[in-house]
file work.cif (mmCIF, C-alpha atoms)
data_final
loop_
_atom_site.label_atom_id
_atom_site.label_comp_id
_atom_site.auth_asym_id
_atom_site.auth_seq_id
_atom_site.Cartn_x
_atom_site.Cartn_y
_atom_site.Cartn_z
CA MET A 1491 -26.41 -15.14 -4.64
CA PRO A 1492 -23.43 -15.72 -6.96
CA THR A 1493 -20.38 -17.33 -5.41
CA ALA A 1494 -16.72 -16.38 -5.77
CA LEU A 1495 -13.57 -18.26 -4.84
CA VAL A 1496 -10.48 -16.10 -4.41
CA LEU A 1497 -7.08 -17.79 -4.40
CA GLY A 1498 -4.57 -15.74 -2.44
CA ALA A 1499 -4.96 -13.80 0.81
CA GLY A 1500 -2.47 -11.04 0.08
CA ILE A 1501 -3.56 -7.50 -0.63
CA MET A 1502 -4.88 -8.36 -4.10
CA GLY A 1503 -6.90 -11.38 -3.03
CA LEU A 1504 -8.35 -9.63 0.03
CA SER A 1505 -9.13 -6.53 -2.03
CA ALA A 1506 -10.86 -8.65 -4.67
CA ALA A 1507 -12.91 -10.29 -1.90
CA TRP A 1508 -13.80 -6.83 -0.60
CA GLY A 1509 -14.89 -5.59 -4.00
CA LEU A 1510 -16.89 -8.72 -4.78
CA SER A 1511 -18.61 -8.81 -1.39
CA ARG A 1512 -19.68 -5.20 -1.95
CA ALA A 1513 -21.08 -6.31 -5.32
CA GLY A 1514 -23.24 -9.04 -3.77
CA PHE A 1515 -21.07 -12.15 -4.09
CA SER A 1516 -20.73 -14.83 -1.45
CA VAL A 1517 -16.93 -15.05 -1.21
CA THR A 1518 -14.47 -17.65 0.03
CA VAL A 1519 -10.75 -16.81 0.23
CA LEU A 1520 -8.34 -19.73 0.00
CA ASP A 1521 -4.67 -19.64 0.97
CA ARG A 1522 -2.07 -21.81 2.66
CA ALA A 1523 -2.23 -19.59 5.76
CA LEU A 1524 -4.60 -17.08 7.24
CA PRO A 1525 -3.74 -13.42 6.63
CA PRO A 1526 -1.37 -11.84 7.19
CA ASN A 1527 0.70 -14.79 5.99
CA PRO A 1528 4.37 -13.99 6.75
CA ARG A 1529 5.39 -15.86 3.58
CA GLY A 1530 3.11 -13.73 1.43
CA ALA A 1531 4.44 -10.98 -0.82
CA SER A 1532 2.20 -8.37 0.88
CA ALA A 1533 2.98 -9.11 4.53
CA ASP A 1534 5.61 -6.48 5.24
CA ASN A 1535 5.60 -3.56 7.65
CA HIS A 1536 4.93 -1.04 4.95
CA ARG A 1537 4.36 -0.13 1.32
CA LEU A 1538 4.60 3.27 -0.35
CA ILE A 1539 1.92 5.30 -2.09
CA ARG A 1540 3.05 8.21 -4.26
CA HIS A 1541 2.15 9.89 -7.54
CA ALA A 1542 5.68 10.04 -9.00
CA TYR A 1543 5.67 7.42 -11.77
CA GLY A 1544 8.14 8.55 -14.39
CA ALA A 1545 6.47 8.90 -17.77
CA GLU A 1546 3.62 6.52 -16.83
CA ALA A 1547 0.88 9.15 -16.63
CA GLY A 1548 -1.84 6.48 -16.50
CA TYR A 1549 -0.56 5.06 -13.22
CA MET A 1550 0.19 8.54 -11.88
CA ARG A 1551 -3.48 9.48 -12.37
CA MET A 1552 -4.62 6.14 -10.98
CA VAL A 1553 -2.91 6.96 -7.67
CA SER A 1554 -5.49 9.69 -7.00
CA ASP A 1555 -8.28 7.12 -7.37
CA ALA A 1556 -6.27 4.72 -5.21
CA PHE A 1557 -6.26 7.27 -2.39
CA ALA A 1558 -10.06 7.50 -2.69
CA ALA A 1559 -10.40 3.70 -2.58
CA TRP A 1560 -8.18 3.52 0.51
CA GLU A 1561 -10.35 6.10 2.25
CA ALA A 1562 -13.46 4.05 1.45
CA LEU A 1563 -11.80 0.98 2.92
CA PHE A 1564 -10.58 2.86 6.00
CA ASP A 1565 -14.12 4.15 6.53
CA GLU A 1566 -15.26 0.52 6.72
CA THR A 1567 -12.47 -0.80 8.91
CA GLY A 1568 -12.45 2.21 11.24
CA GLU A 1569 -8.64 2.31 11.04
CA ARG A 1570 -6.72 4.81 8.90
CA LEU A 1571 -3.51 2.87 8.35
CA LEU A 1572 -1.75 5.43 6.19
CA VAL A 1573 0.99 7.74 7.49
CA PRO A 1574 1.57 10.87 5.35
CA THR A 1575 5.29 11.46 4.74
CA GLY A 1576 5.65 13.21 1.40
CA VAL A 1577 8.21 12.27 -1.22
CA LEU A 1578 11.85 13.14 -1.84
CA ALA A 1579 13.02 12.09 -5.29
CA LEU A 1580 16.77 12.08 -5.96
CA SER A 1581 19.01 11.46 -8.93
CA ALA A 1582 22.76 11.28 -9.37
CA ALA A 1583 22.55 10.79 -13.12
CA GLY A 1584 20.03 13.54 -13.90
CA GLY A 1585 17.18 13.27 -16.38
CA GLY A 1586 15.50 9.88 -16.69
CA TRP A 1587 12.84 8.83 -14.20
CA LEU A 1588 13.12 11.95 -12.05
CA ALA A 1589 12.77 14.37 -14.97
CA GLU A 1590 9.92 12.36 -16.47
CA SER A 1591 8.13 12.29 -13.12
CA ARG A 1592 8.56 16.04 -12.63
CA ALA A 1593 7.20 16.80 -16.10
CA ALA A 1594 4.18 14.51 -15.69
CA LEU A 1595 3.38 15.83 -12.21
CA LEU A 1596 3.58 19.46 -13.27
CA ALA A 1597 1.42 18.79 -16.32
CA GLU A 1598 -1.21 17.30 -14.00
CA GLY A 1599 -1.11 20.31 -11.68
CA PHE A 1600 0.80 18.84 -8.72
CA ALA A 1601 3.04 21.08 -6.65
CA VAL A 1602 6.68 20.00 -7.04
CA GLU A 1603 9.53 21.73 -5.18
CA ASP A 1604 12.90 21.50 -6.88
CA LEU A 1605 15.80 21.26 -4.45
CA PRO A 1606 19.47 21.95 -5.22
CA PRO A 1607 21.92 19.46 -3.68
CA ALA A 1608 22.97 21.84 -0.92
CA ALA A 1609 19.34 22.30 0.13
CA VAL A 1610 18.87 18.54 0.32
CA ALA A 1611 21.81 18.14 2.70
CA ALA A 1612 20.68 21.11 4.81
CA ARG A 1613 17.09 19.92 5.14
CA PHE A 1614 17.92 16.23 5.59
CA PRO A 1615 21.18 15.95 7.57
CA PHE A 1616 21.26 12.16 7.27
CA LEU A 1617 21.82 12.47 3.49
CA ARG A 1618 24.98 13.16 1.50
CA ALA A 1619 24.76 15.69 -1.34
CA GLU A 1620 28.00 14.58 -3.06
CA GLY A 1621 27.26 13.34 -6.55
CA LEU A 1622 23.64 14.47 -6.42
CA SER A 1623 22.43 16.03 -9.66
CA GLU A 1624 18.72 16.72 -9.18
CA ALA A 1625 16.06 16.43 -6.50
CA PHE A 1626 12.46 17.38 -5.91
CA ALA A 1627 10.03 17.15 -3.00
CA MET A 1628 6.24 16.95 -2.92
CA ARG A 1629 3.78 16.78 -0.07
CA GLU A 1630 1.46 14.07 -1.40
CA GLY A 1631 2.51 10.53 -0.57
CA GLY A 1632 2.88 8.29 2.42
CA VAL A 1633 3.43 4.90 3.99
CA LEU A 1634 0.74 2.23 4.03
CA LEU A 1635 1.08 0.00 7.10
CA ALA A 1636 0.85 -3.17 5.07
CA ARG A 1637 0.75 -5.95 7.65
CA ARG A 1638 -1.75 -4.07 9.80
CA ILE A 1639 -3.86 -3.37 6.71
CA LEU A 1640 -4.03 -7.07 5.83
CA ALA A 1641 -5.17 -7.92 9.35
CA ALA A 1642 -7.76 -5.13 9.44
CA LEU A 1643 -9.09 -6.02 6.00
CA ALA A 1644 -9.38 -9.70 6.94
CA ARG A 1645 -11.36 -8.75 10.04
CA ARG A 1646 -13.65 -6.55 7.99
CA LEU A 1647 -14.21 -9.29 5.42
CA ALA A 1648 -15.19 -11.70 8.17
CA VAL A 1649 -17.80 -9.19 9.34
CA ARG A 1650 -19.05 -9.02 5.75
CA GLY A 1651 -19.51 -12.78 5.75
CA VAL A 1652 -16.45 -13.69 3.70
CA SER A 1653 -15.10 -17.10 4.71
CA PHE A 1654 -11.45 -18.19 4.83
CA ARG A 1655 -10.17 -21.65 4.03
CA ARG A 1656 -6.65 -22.93 4.60
CA ALA A 1657 -5.58 -25.10 1.68
CA GLU A 1658 -2.96 -25.29 -1.05
CA ALA A 1659 -3.96 -25.20 -4.71
CA ARG A 1660 -2.14 -27.39 -7.24
CA GLU A 1661 -4.11 -26.71 -10.42
CA ALA A 1662 -6.46 -23.98 -11.61
CA ASP A 1663 -9.29 -24.43 -14.10
CA PRO A 1664 -10.73 -20.97 -14.83
CA GLU A 1665 -13.01 -22.44 -17.48
CA ARG A 1666 -14.94 -24.26 -14.74
CA GLY A 1667 -14.14 -21.94 -11.85
CA ARG A 1668 -12.37 -24.82 -10.10
CA LEU A 1669 -9.21 -25.42 -8.10
CA THR A 1670 -7.60 -28.81 -7.52
CA LEU A 1671 -6.08 -28.87 -4.05
CA ALA A 1672 -2.92 -30.48 -2.73
CA ASP A 1673 -4.96 -32.91 -0.61
CA GLY A 1674 -6.75 -34.20 -3.70
CA GLY A 1675 -9.97 -32.29 -3.11
CA THR A 1676 -11.46 -29.52 -5.19
CA ALA A 1677 -13.02 -26.11 -4.63
CA GLU A 1678 -15.38 -24.46 -7.08
CA ALA A 1679 -17.49 -21.33 -7.49
CA ASP A 1680 -19.33 -19.29 -10.09
CA LEU A 1681 -16.26 -17.06 -10.30
CA LEU A 1682 -12.63 -17.96 -9.64
CA VAL A 1683 -10.22 -15.09 -8.95
CA LEU A 1684 -6.56 -16.02 -9.18
CA ALA A 1685 -4.56 -13.59 -7.04
CA ALA A 1686 -1.64 -15.84 -6.13
CA GLY A 1687 1.18 -13.33 -6.62
CA PRO A 1688 4.54 -14.90 -7.51
CA TRP A 1689 2.99 -18.38 -7.21
CA ALA A 1690 0.48 -17.73 -10.04
CA PRO A 1691 2.74 -18.78 -12.96
CA ARG A 1692 2.87 -22.30 -11.49
CA LEU A 1693 -0.91 -22.56 -11.67
CA LEU A 1694 -1.16 -21.11 -15.17
CA PRO A 1695 1.96 -22.40 -16.94
CA GLY A 1696 2.49 -20.86 -20.34
CA ILE A 1697 -0.43 -18.45 -19.89
CA LEU A 1698 0.86 -15.65 -17.68
CA PRO A 1699 3.83 -13.61 -18.97
CA VAL A 1700 4.99 -13.15 -15.38
CA ARG A 1701 8.14 -14.18 -13.54
CA PRO A 1702 8.82 -14.32 -9.79
CA THR A 1703 11.84 -12.42 -8.50
CA ARG A 1704 13.59 -12.44 -5.14
CA GLN A 1705 13.96 -8.87 -3.87
CA ILE A 1706 15.89 -8.05 -0.68
CA VAL A 1707 14.92 -5.47 1.93
CA VAL A 1708 17.04 -4.43 4.91
CA GLU A 1709 15.70 -2.95 8.15
CA LEU A 1710 17.92 -0.54 10.02
CA GLU A 1711 18.19 1.49 13.22
CA PRO A 1712 19.74 4.93 12.61
CA PRO A 1713 22.42 6.24 14.97
CA PRO A 1714 21.03 8.39 17.81
CA GLU A 1715 21.89 11.76 16.25
CA HIS A 1716 19.82 10.99 13.11
CA ARG A 1717 16.78 9.35 14.68
CA PRO A 1718 14.73 12.55 15.16
CA ALA A 1719 15.29 13.61 11.54
CA TRP A 1720 14.44 10.17 10.18
CA ALA A 1721 11.24 10.12 12.25
CA GLN A 1722 10.08 13.19 10.27
CA ALA A 1723 11.56 12.15 6.92
CA PRO A 1724 9.79 11.66 3.60
CA MET A 1725 10.09 8.48 1.59
CA LEU A 1726 13.25 8.49 -0.52
CA LEU A 1727 13.27 7.45 -4.16
CA GLU A 1728 16.59 7.39 -6.01
CA ILE A 1729 15.73 5.61 -9.22
CA ASP A 1730 18.75 5.77 -11.49
CA PRO A 1731 19.66 3.08 -14.04
CA GLY A 1732 21.64 0.33 -12.39
CA ALA A 1733 21.88 1.95 -8.96
CA GLY A 1734 18.46 2.84 -7.65
CA PHE A 1735 17.21 2.35 -4.10
CA TYR A 1736 14.26 3.42 -1.99
CA ALA A 1737 14.00 4.14 1.72
CA VAL A 1738 10.91 3.99 3.93
CA PRO A 1739 11.16 6.18 7.03
CA PRO A 1740 10.51 4.66 10.49
CA VAL A 1741 6.82 5.50 11.02
CA ALA A 1742 4.26 4.20 13.52
CA GLY A 1743 6.80 2.06 15.37
CA THR A 1744 8.27 0.42 12.26
CA PRO A 1745 11.98 0.37 11.42
CA LEU A 1746 13.75 2.26 8.66
CA LYS A 1747 13.75 0.08 5.54
CA ILE A 1748 15.75 0.22 2.34
CA GLY A 1749 15.37 -1.85 -0.79
CA ASP A 1750 16.42 -2.17 -4.41
CA HIS A 1751 14.39 -0.68 -7.26
CA ARG A 1752 16.01 -3.03 -9.75
CA PHE A 1753 14.47 -6.41 -10.46
CA ALA A 1754 16.47 -9.39 -9.29
CA PRO A 1755 16.90 -12.62 -11.28
CA ASP A 1756 14.10 -15.15 -11.15
CA GLY A 1757 13.51 -16.56 -7.69
CA ASP A 1758 11.59 -19.33 -5.99
CA PRO A 1759 8.83 -17.84 -3.79
CA ASP A 1760 9.12 -20.91 -1.57
CA GLY A 1761 12.83 -20.31 -1.09
CA PRO A 1762 14.43 -19.21 2.19
CA PRO A 1763 12.84 -16.00 3.51
CA ALA A 1764 16.00 -14.76 5.22
CA ALA A 1765 18.55 -12.83 3.20
CA SER A 1766 22.17 -13.90 3.11
CA PRO A 1767 24.86 -11.49 4.36
CA ALA A 1768 25.95 -10.96 0.75
CA GLU A 1769 22.42 -10.08 -0.31
CA ALA A 1770 22.07 -7.58 2.54
CA ASP A 1771 25.47 -6.04 1.79
CA ALA A 1772 24.47 -5.50 -1.83
CA ILE A 1773 21.45 -3.43 -0.75
CA LEU A 1774 23.52 -1.43 1.74
CA ALA A 1775 26.04 -0.69 -1.03
CA LEU A 1776 23.29 0.90 -3.13
CA ALA A 1777 22.35 3.31 -0.34
CA ALA A 1778 25.82 4.01 1.06
CA PRO A 1779 26.69 6.86 -1.35
CA ARG A 1780 23.55 8.73 -0.33
CA ILE A 1781 22.97 7.96 3.38
CA ALA A 1782 25.65 9.59 5.49
CA GLY A 1783 27.56 7.24 7.80
CA LEU A 1784 25.50 4.22 6.80
CA GLN A 1785 28.15 1.93 8.31
CA ARG A 1786 27.03 3.16 11.76
CA TYR A 1787 23.41 2.10 11.23
CA ARG A 1788 22.50 -1.12 13.01
CA VAL A 1789 21.07 -3.86 10.79
CA LEU A 1790 17.93 -5.24 12.43
CA ALA A 1791 16.84 -7.72 9.76
CA ALA A 1792 17.29 -8.59 6.10
CA ARG A 1793 14.81 -10.71 4.20
CA ALA A 1794 13.41 -11.58 0.82
CA CYS A 1795 10.23 -10.19 -0.69
CA HIS A 1796 9.05 -11.87 -3.87
CA TYR A 1797 7.59 -9.88 -6.75
CA ASP A 1798 5.53 -11.06 -9.70
CA VAL A 1799 7.05 -9.09 -12.57
CA ALA A 1800 5.20 -8.53 -15.84
CA PRO A 1801 6.52 -7.08 -19.10
CA GLU A 1802 6.76 -3.27 -18.92
CA GLU A 1803 5.51 -3.56 -15.31
CA ARG A 1804 1.91 -3.39 -16.52
CA PHE A 1805 -0.68 -4.91 -14.22
CA ILE A 1806 -2.70 -7.87 -15.47
CA LEU A 1807 -6.38 -7.87 -14.53
CA ARG A 1808 -8.46 -9.72 -17.08
CA PRO A 1809 -11.07 -12.44 -17.54
CA LEU A 1810 -9.67 -15.91 -18.05
CA GLY A 1811 -11.81 -18.76 -19.34
CA ALA A 1812 -15.56 -18.77 -18.84
CA ARG A 1813 -15.50 -18.33 -15.06
CA GLY A 1814 -12.13 -16.86 -14.15
CA VAL A 1815 -10.38 -13.56 -13.50
CA VAL A 1816 -6.62 -13.26 -13.04
CA MET A 1817 -4.81 -10.53 -11.09
CA SER A 1818 -1.05 -10.64 -11.59
CA GLY A 1819 2.14 -8.83 -12.55
CA PHE A 1820 2.18 -6.21 -9.81
CA SER A 1821 5.96 -5.93 -9.91
CA GLY A 1822 6.41 -4.58 -6.39
CA HIS A 1823 4.32 -1.46 -6.92
CA GLY A 1824 0.81 -2.89 -6.86
CA PHE A 1825 0.03 -2.71 -3.13
CA LYS A 1826 -0.86 0.99 -3.31
CA PHE A 1827 -3.63 0.11 -5.78
CA GLY A 1828 -5.02 -2.93 -3.91
CA PRO A 1829 -8.51 -1.74 -2.93
CA LEU A 1830 -8.91 0.10 -6.25
CA LEU A 1831 -8.03 -3.04 -8.22
CA GLY A 1832 -10.42 -5.03 -6.02
CA LEU A 1833 -13.19 -2.69 -7.12
CA GLY A 1834 -12.01 -3.24 -10.69
CA VAL A 1835 -12.46 -7.00 -10.28
CA ALA A 1836 -16.06 -6.40 -9.19
CA VAL A 1837 -16.73 -4.27 -12.28
CA ALA A 1838 -15.23 -6.92 -14.57
CA ALA A 1839 -17.25 -9.67 -12.84
CA THR A 1840 -20.61 -7.88 -12.88
CA ARG A 1841 -20.32 -5.93 -16.14
CA PRO A 1842 -18.81 -8.15 -18.87
CA ASP A 1843 -19.29 -5.29 -21.33
CA ARG A 1844 -16.72 -3.31 -19.31
CA ALA A 1845 -14.16 -6.09 -18.84
CA ASP A 1846 -11.92 -4.91 -21.69
CA ALA A 1847 -12.01 -1.38 -20.29
CA VAL A 1848 -10.96 -2.70 -16.88
CA THR A 1849 -8.06 -4.61 -18.45
CA ALA A 1850 -6.77 -1.56 -20.34
CA TRP A 1851 -7.18 0.68 -17.28
CA ALA A 1852 -5.30 -1.75 -15.00
CA ALA A 1853 -2.45 -1.78 -17.51
CA GLY A 1854 -2.19 2.00 -17.16
CA LEU A 1855 -3.36 2.56 -20.74
CA ALA A 1856 -6.90 3.91 -20.36
CA PRO A 1857 -9.08 5.98 -18.01
CA PRO A 1858 -11.05 4.19 -15.28
CA PRO A 1859 -14.22 2.41 -16.37
CA PRO A 1860 -17.56 3.95 -15.38
CA GLY A 1861 -18.86 2.95 -11.96
CA LEU A 1862 -15.47 2.03 -10.54
CA LEU A 1863 -15.22 4.21 -7.45
CA PRO A 1864 -17.80 3.83 -4.67
CA ARG A 1865 -19.90 6.74 -3.57
CA ARG A 1866 -19.00 8.00 -0.11
#
call {"tool": "encode", "arguments": {"input": "work.cif", "output": "structure tokens"}}
result
Amino acid sequence: MPTALVLGAGIMGLSAAWGLSRAGFSVTVLDRALPPNPRGASADNHRLIRHAYGAEAGYMRMVSDAFAAWEALFDETGERLLVPTGVLALSAAGGGWLAESRAALLAEGFAVEDLPPAAVAARFPFLRAEGLSEAFAMREGGVLLARRILAALARRLAVRGVSFRRAEAREADPERGRLTLADGGTAEADLLVLAAGPWAPRLLPGILPVRPTRQIVVELEPPPEHRPAWAQAPMLLEIDPGAGFYAVPPVAGTPLKIGDHRFAPDGDPDGPPAASPAEADAILALAAPRIAGLQRYRVLAARACHYDVAPEERFILRPLGARGVVMSGFSGHGFKFGPLLGLGVAVAATRPDRADAVTAWAAGLAPPPPGLLPRR
């Protein structure tokens, strides 16, 4: 049986382990902590899954396959950790990402409901319509319960025979499928998968065109009069140049969360996890023009989430050296594709003739390679 060593126990590493174990590999996952590691980029309450992707039709289409991969994983774990919410896309500037998303969605046959500003305020009383130029709603889309998914996936991998090892890697040698560890030891396998998120550039200096950024998210409790409406709310996406924010509704016992769509300056993923008051205030300022009475919302927590940002936000999934595969550059929007990309790793590992096709597909530039999705 071929062996695989996966570095990183976030959604990408665990998904790669899932895909490889399905393909017949004996897999070991190595990380500094067992999943869900609170310092990891994936270990948050939630992540969003939605088809709206601006002009990036490749990723828009990939979302449909991602839903299928999630269902295959949920069938295995016995837990469906996805809450349907739908999507509300907003724009003060008009045109841009919202218009590109609408055009791509309609061309693909999705139902998109255009909403005038007055209809937005009437349907969602916690929002302000002032300054709003365009909006649309769609039913498809929801919230992935990220931390619970990591825990459920780790449990399922253990049942599959995947082993977990707590250790810190200092050097990676994909040519030999080997890691040098902080304690001076080594770990080696027939295949080495590097899925170390924002820590990956340290292990592959000068090789990965990826930078780590420090993104801030703020958790809130709405005032009493808006809690029932928020509990039924869609995800909010206001992606305008220089002023975009997103909001995740409070589902399945999680708090309302808002964050910044813009990429922050480079950050140290080992830096302080808590956000400063100034960092939290900057996020609140982005949402204040749109969320009515935001000053009356109670701040529950504010913390950093580190992204690994690649040029043009294109995912990197490609062979590296004779015995390596690297997964990187997920830029804050990769979680929704985790299980699907894990299946892609298995295709690249077992079918070298399809590795280039997997790389182009993961970058959003080509259709999926044959044999990617499992039969259900």
call {"tool": "resolve_selection", "arguments": {"input": "work.cif", "expression": "the PyMOL selection byres ((chain A and resi 1542) around 10)", "output": "PyMOL selection string"}}
result
chain A and resi 1539-1541+1543-1547+1549-1551+1553+1577-1579+1587-1588+1590-1595+1628+1630-1631+1727
call {"tool": "write_last_selection", "arguments": {"input": "work.cif", "atoms": "C-alpha atoms", "output": "mmCIF file, in the frame of the given file"}}
result
data_model
loop_
_atom_site.group_PDB
_atom_site.id
_atom_site.type_symbol
_atom_site.label_atom_id
_atom_site.label_comp_id
_atom_site.auth_asym_id
_atom_site.auth_seq_id
_atom_site.Cartn_x
_atom_site.Cartn_y
_atom_site.Cartn_z
ATOM 1 C CA ILE A 1539 1.920 5.300 -2.090
ATOM 2 C CA ARG A 1540 3.050 8.210 -4.260
ATOM 3 C CA HIS A 1541 2.150 9.890 -7.540
ATOM 4 C CA TYR A 1543 5.670 7.420 -11.770
ATOM 5 C CA GLY A 1544 8.140 8.550 -14.390
ATOM 6 C CA ALA A 1545 6.470 8.900 -17.770
ATOM 7 C CA GLU A 1546 3.620 6.520 -16.830
ATOM 8 C CA ALA A 1547 0.880 9.150 -16.630
ATOM 9 C CA TYR A 1549 -0.560 5.060 -13.220
ATOM 10 C CA MET A 1550 0.190 8.540 -11.880
ATOM 11 C CA ARG A 1551 -3.480 9.480 -12.370
ATOM 12 C CA VAL A 1553 -2.910 6.960 -7.670
ATOM 13 C CA VAL A 1577 8.210 12.270 -1.220
ATOM 14 C CA LEU A 1578 11.850 13.140 -1.840
ATOM 15 C CA ALA A 1579 13.020 12.090 -5.290
ATOM 16 C CA TRP A 1587 12.840 8.830 -14.200
ATOM 17 C CA LEU A 1588 13.120 11.950 -12.050
ATOM 18 C CA GLU A 1590 9.920 12.360 -16.470
ATOM 19 C CA SER A 1591 8.130 12.290 -13.120
ATOM 20 C CA ARG A 1592 8.560 16.040 -12.630
ATOM 21 C CA ALA A 1593 7.200 16.800 -16.100
ATOM 22 C CA ALA A 1594 4.180 14.510 -15.690
ATOM 23 C CA LEU A 1595 3.380 15.830 -12.210
ATOM 24 C CA MET A 1628 6.240 16.950 -2.920
ATOM 25 C CA GLU A 1630 1.460 14.070 -1.400
ATOM 26 C CA GLY A 1631 2.510 10.530 -0.570
ATOM 27 C CA LEU A 1727 13.270 7.450 -4.160
#
call {"tool": "atom_distance", "arguments": {"input": "work.cif", "atom1": "atom CA of A:Arg1701", "atom2": "atom CA of A:Ala1765"}}
result
19.8 Å
call {"tool": "closest_atom_pairs", "arguments": {"input": "work.cif", "of": "stretch 1726-1819 of chain A", "to": "stretch 1704-1721 of chain A", "cutoff": "8 Å", "atoms": "all atoms listed in the file", "output": "JSON lines"}}
result
{"residue": "A:Pro1739", "atom": "CA", "partner": "A:Trp1720", "partner_atom": "CA", "distance": 6.0}
{"residue": "A:Pro1740", "atom": "CA", "partner": "A:Ala1721", "partner_atom": "CA", "distance": 5.8}
{"residue": "A:Val1741", "atom": "CA", "partner": "A:Ala1721", "partner_atom": "CA", "distance": 6.5}
{"residue": "A:Pro1745", "atom": "CA", "partner": "A:Glu1709", "partner_atom": "CA", "distance": 6.0}
{"residue": "A:Leu1746", "atom": "CA", "partner": "A:Leu1710", "partner_atom": "CA", "distance": 5.2}
{"residue": "A:Lys1747", "atom": "CA", "partner": "A:Glu1709", "partner_atom": "CA", "distance": 4.4}
{"residue": "A:Ile1748", "atom": "CA", "partner": "A:Val1708", "partner_atom": "CA", "distance": 5.5}
{"residue": "A:Gly1749", "atom": "CA", "partner": "A:Val1707", "partner_atom": "CA", "distance": 4.6}
{"residue": "A:Asp1750", "atom": "CA", "partner": "A:Ile1706", "partner_atom": "CA", "distance": 7.0}
{"residue": "A:Phe1753", "atom": "CA", "partner": "A:Gln1705", "partner_atom": "CA", "distance": 7.1}
{"residue": "A:Ala1754", "atom": "CA", "partner": "A:Arg1704", "partner_atom": "CA", "distance": 5.9}
{"residue": "A:Pro1755", "atom": "CA", "partner": "A:Arg1704", "partner_atom": "CA", "distance": 7.0}
{"residue": "A:Asp1756", "atom": "CA", "partner": "A:Arg1704", "partner_atom": "CA", "distance": 6.6}
{"residue": "A:Gly1757", "atom": "CA", "partner": "A:Arg1704", "partner_atom": "CA", "distance": 4.8}
{"residue": "A:Asp1758", "atom": "CA", "partner": "A:Arg1704", "partner_atom": "CA", "distance": 7.2}
{"residue": "A:Pro1759", "atom": "CA", "partner": "A:Arg1704", "partner_atom": "CA", "distance": 7.3}
{"residue": "A:Ala1765", "atom": "CA", "partner": "A:Ile1706", "partner_atom": "CA", "distance": 6.7}
{"residue": "A:Glu1769", "atom": "CA", "partner": "A:Ile1706", "partner_atom": "CA", "distance": 6.8}
{"residue": "A:Ala1770", "atom": "CA", "partner": "A:Val1708", "partner_atom": "CA", "distance": 6.4}
{"residue": "A:Ile1773", "atom": "CA", "partner": "A:Ile1706", "partner_atom": "CA", "distance": 7.2}
{"residue": "A:Leu1774", "atom": "CA", "partner": "A:Val1708", "partner_atom": "CA", "distance": 7.8}
{"residue": "A:Arg1786", "atom": "CA", "partner": "A:Pro1713", "partner_atom": "CA", "distance": 6.4}
{"residue": "A:Tyr1787", "atom": "CA", "partner": "A:Pro1712", "partner_atom": "CA", "distance": 4.8}
{"residue": "A:Arg1788", "atom": "CA", "partner": "A:Glu1711", "partner_atom": "CA", "distance": 5.0}
{"residue": "A:Val1789", "atom": "CA", "partner": "A:Leu1710", "partner_atom": "CA", "distance": 4.6}
{"residue": "A:Leu1790", "atom": "CA", "partner": "A:Leu1710", "partner_atom": "CA", "distance": 5.3}
{"residue": "A:Ala1791", "atom": "CA", "partner": "A:Glu1709", "partner_atom": "CA", "distance": 5.2}
{"residue": "A:Ala1792", "atom": "CA", "partner": "A:Val1708", "partner_atom": "CA", "distance": 4.3}
{"residue": "A:Arg1793", "atom": "CA", "partner": "A:Ile1706", "partner_atom": "CA", "distance": 5.7}
{"residue": "A:Ala1794", "atom": "CA", "partner": "A:Ile1706", "partner_atom": "CA", "distance": 4.6}
{"residue": "A:Cys1795", "atom": "CA", "partner": "A:Gln1705", "partner_atom": "CA", "distance": 5.1}
{"residue": "A:His1796", "atom": "CA", "partner": "A:Arg1704", "partner_atom": "CA", "distance": 4.7}
{"residue": "A:Tyr1797", "atom": "CA", "partner": "A:Arg1704", "partner_atom": "CA", "distance": 6.7}
call {"tool": "resolve_selection", "arguments": {"input": "work.cif", "expression": "the PyMOL selection byres ((chain A and resi 1621) around 10)", "output": "list in words"}}
result
Ser1581, Ala1582, Ala1583, Pro1607, Arg1618, Ala1619, Glu1620, Leu1622, Ser1623, Glu1624, Pro1779 and Arg1780 of chain A
call {"tool": "closest_residue", "arguments": {"input": "work.cif", "among": "A:Val1799, A:Ala1839, A:Val1633, A:Ala1507", "to": "A:Val1519", "atoms": "only C-alpha atoms"}}
result
A:Ala1507
call {"tool": "closest_residue", "arguments": {"input": "work.cif", "among": "A:Leu1497, A:Ala1764, A:Ala1558, A:Leu1855", "to": "A:Ala1686", "atoms": "only C-alpha atoms"}}
result
A:Leu1497
call {"tool": "residues_around", "arguments": {"input": "work.cif", "residues": "A:Trp1851", "least_positions_apart": "3", "cutoff": "12 Å", "atoms": "all atoms listed in the file", "output": "short mmCIF file (atom, residue, chain, number, x, y, z; two decimals) with C-alpha atoms, in the frame of the given file"}}
result
data_model
loop_
_atom_site.label_atom_id
_atom_site.label_comp_id
_atom_site.auth_asym_id
_atom_site.auth_seq_id
_atom_site.Cartn_x
_atom_site.Cartn_y
_atom_site.Cartn_z
CA ALA A 1547 0.88 9.15 -16.63
CA GLY A 1548 -1.84 6.48 -16.50
CA TYR A 1549 -0.56 5.06 -13.22
CA ARG A 1551 -3.48 9.48 -12.37
CA MET A 1552 -4.62 6.14 -10.98
CA ASP A 1555 -8.28 7.12 -7.37
CA ARG A 1804 1.91 -3.39 -16.52
CA PHE A 1805 -0.68 -4.91 -14.22
CA ILE A 1806 -2.70 -7.87 -15.47
CA LEU A 1807 -6.38 -7.87 -14.53
CA ARG A 1808 -8.46 -9.72 -17.08
CA LEU A 1830 -8.91 0.10 -6.25
CA LEU A 1831 -8.03 -3.04 -8.22
CA GLY A 1834 -12.01 -3.24 -10.69
CA VAL A 1835 -12.46 -7.00 -10.28
CA VAL A 1837 -16.73 -4.27 -12.28
CA ALA A 1838 -15.23 -6.92 -14.57
CA ARG A 1844 -16.72 -3.31 -19.31
CA ALA A 1845 -14.16 -6.09 -18.84
CA ASP A 1846 -11.92 -4.91 -21.69
CA ALA A 1847 -12.01 -1.38 -20.29
CA VAL A 1848 -10.96 -2.70 -16.88
CA GLY A 1854 -2.19 2.00 -17.16
CA LEU A 1855 -3.36 2.56 -20.74
CA ALA A 1856 -6.90 3.91 -20.36
CA PRO A 1857 -9.08 5.98 -18.01
CA PRO A 1858 -11.05 4.19 -15.28
CA PRO A 1859 -14.22 2.41 -16.37
CA PRO A 1860 -17.56 3.95 -15.38
CA LEU A 1862 -15.47 2.03 -10.54
#
